[in-house]
Amino acid sequence: MSRPMSRPMSLLPLSALGTGKLHISPHVPRTPQRPGEGRLHVPPPEGRSGRCLVTSRGRKVPEVPAGAVMAAAREELQKDLEEVKELLTKATRKRVHDVLLAEKHKLEIEIKNQPLPKPKDVAEQEKSSLGGYTVKINNYGWDQSDKFVKIYISLNGVQKLPAENVQVNFTERSFDLLVKNLNGKNYTMTFNNLLKPISVEGSSRKIKTDTVLVMCKKKREEKWDCLTQVEKESKEKE
């Protein structure tokens, strides 16, 4: 009498083995996965915030700033336009030339209709692409002349950075300072609701020894009692 096997066996076809011998392998039953097991967890990229989108399957995907998406789309359209222009210079057949000319006109209209990123979107895009630790600047000094309001920010060694690492985005009533990779850290400062309107085109920044000077050009040559509307309201309550 044959003895019953203690566990089921599975047979592999001879053609799959490439030999003339029969191979018997134990069949290991698969343990069903629990919901959520075996899924890949995608952490946010290093240096970015932990804000994520959650898909219907429970997967977390880092959230992309709207400004970054618009900028990338505009850049792709611009590359397409440059390539079409290059092909136009090489086209010798009239029909091909006309097709390329129509495509060039179509791309130019599409680029023109693309919304320009707002200064805030640009600033958020820059911040989200940073690696390392980001420090919010709270200490500063300021004074003014007839034409400018000047904000002084002390940062040791800032003059050693490449000029493009020190960026300021201006709007009529705000500015956003970003200093990248200074001694392994990034520094940010934001001023919203400035006391009076400033000229975006006339405003700028200067890099001095251990100091960043932000120069906000006044739209009207008048004295400022403080920097922001919030400071003014606080003083009035005292």
# chains A, B, ... in the order shown; residues from 1 in each chain; ligands from 1
>>> residues_around(residues="Lys235 (chain A)", least_positions_apart="6", cutoff="12 Å", atoms="only C-alpha atoms", output="PyMOL selection string")
chain A and resi 225-229
>>> closest_residue(among="A:Leu195, A:Asp210, A:Arg173, A:Asn138", to="Leu161 (chain A)", atoms="only C-alpha atoms")
A:Asp210
>>> residues_around(residues="Leu107 (chain A)", least_positions_apart="5", cutoff="8 Å", atoms="only C-alpha atoms", output="PyMOL selection string")
chain A and resi 77+80-81
>>> write_last_selection(atoms="C-alpha atoms", output="compact mmCIF listing (two decimals), in the first residue's frame")
# COMPACT_ATOMS: atom_id res chain seq x y z
CA LEU A 77 6.19 74.82 -26.25
CA ASP A 80 8.93 73.08 -30.15
CA LEU A 81 8.83 76.59 -31.63
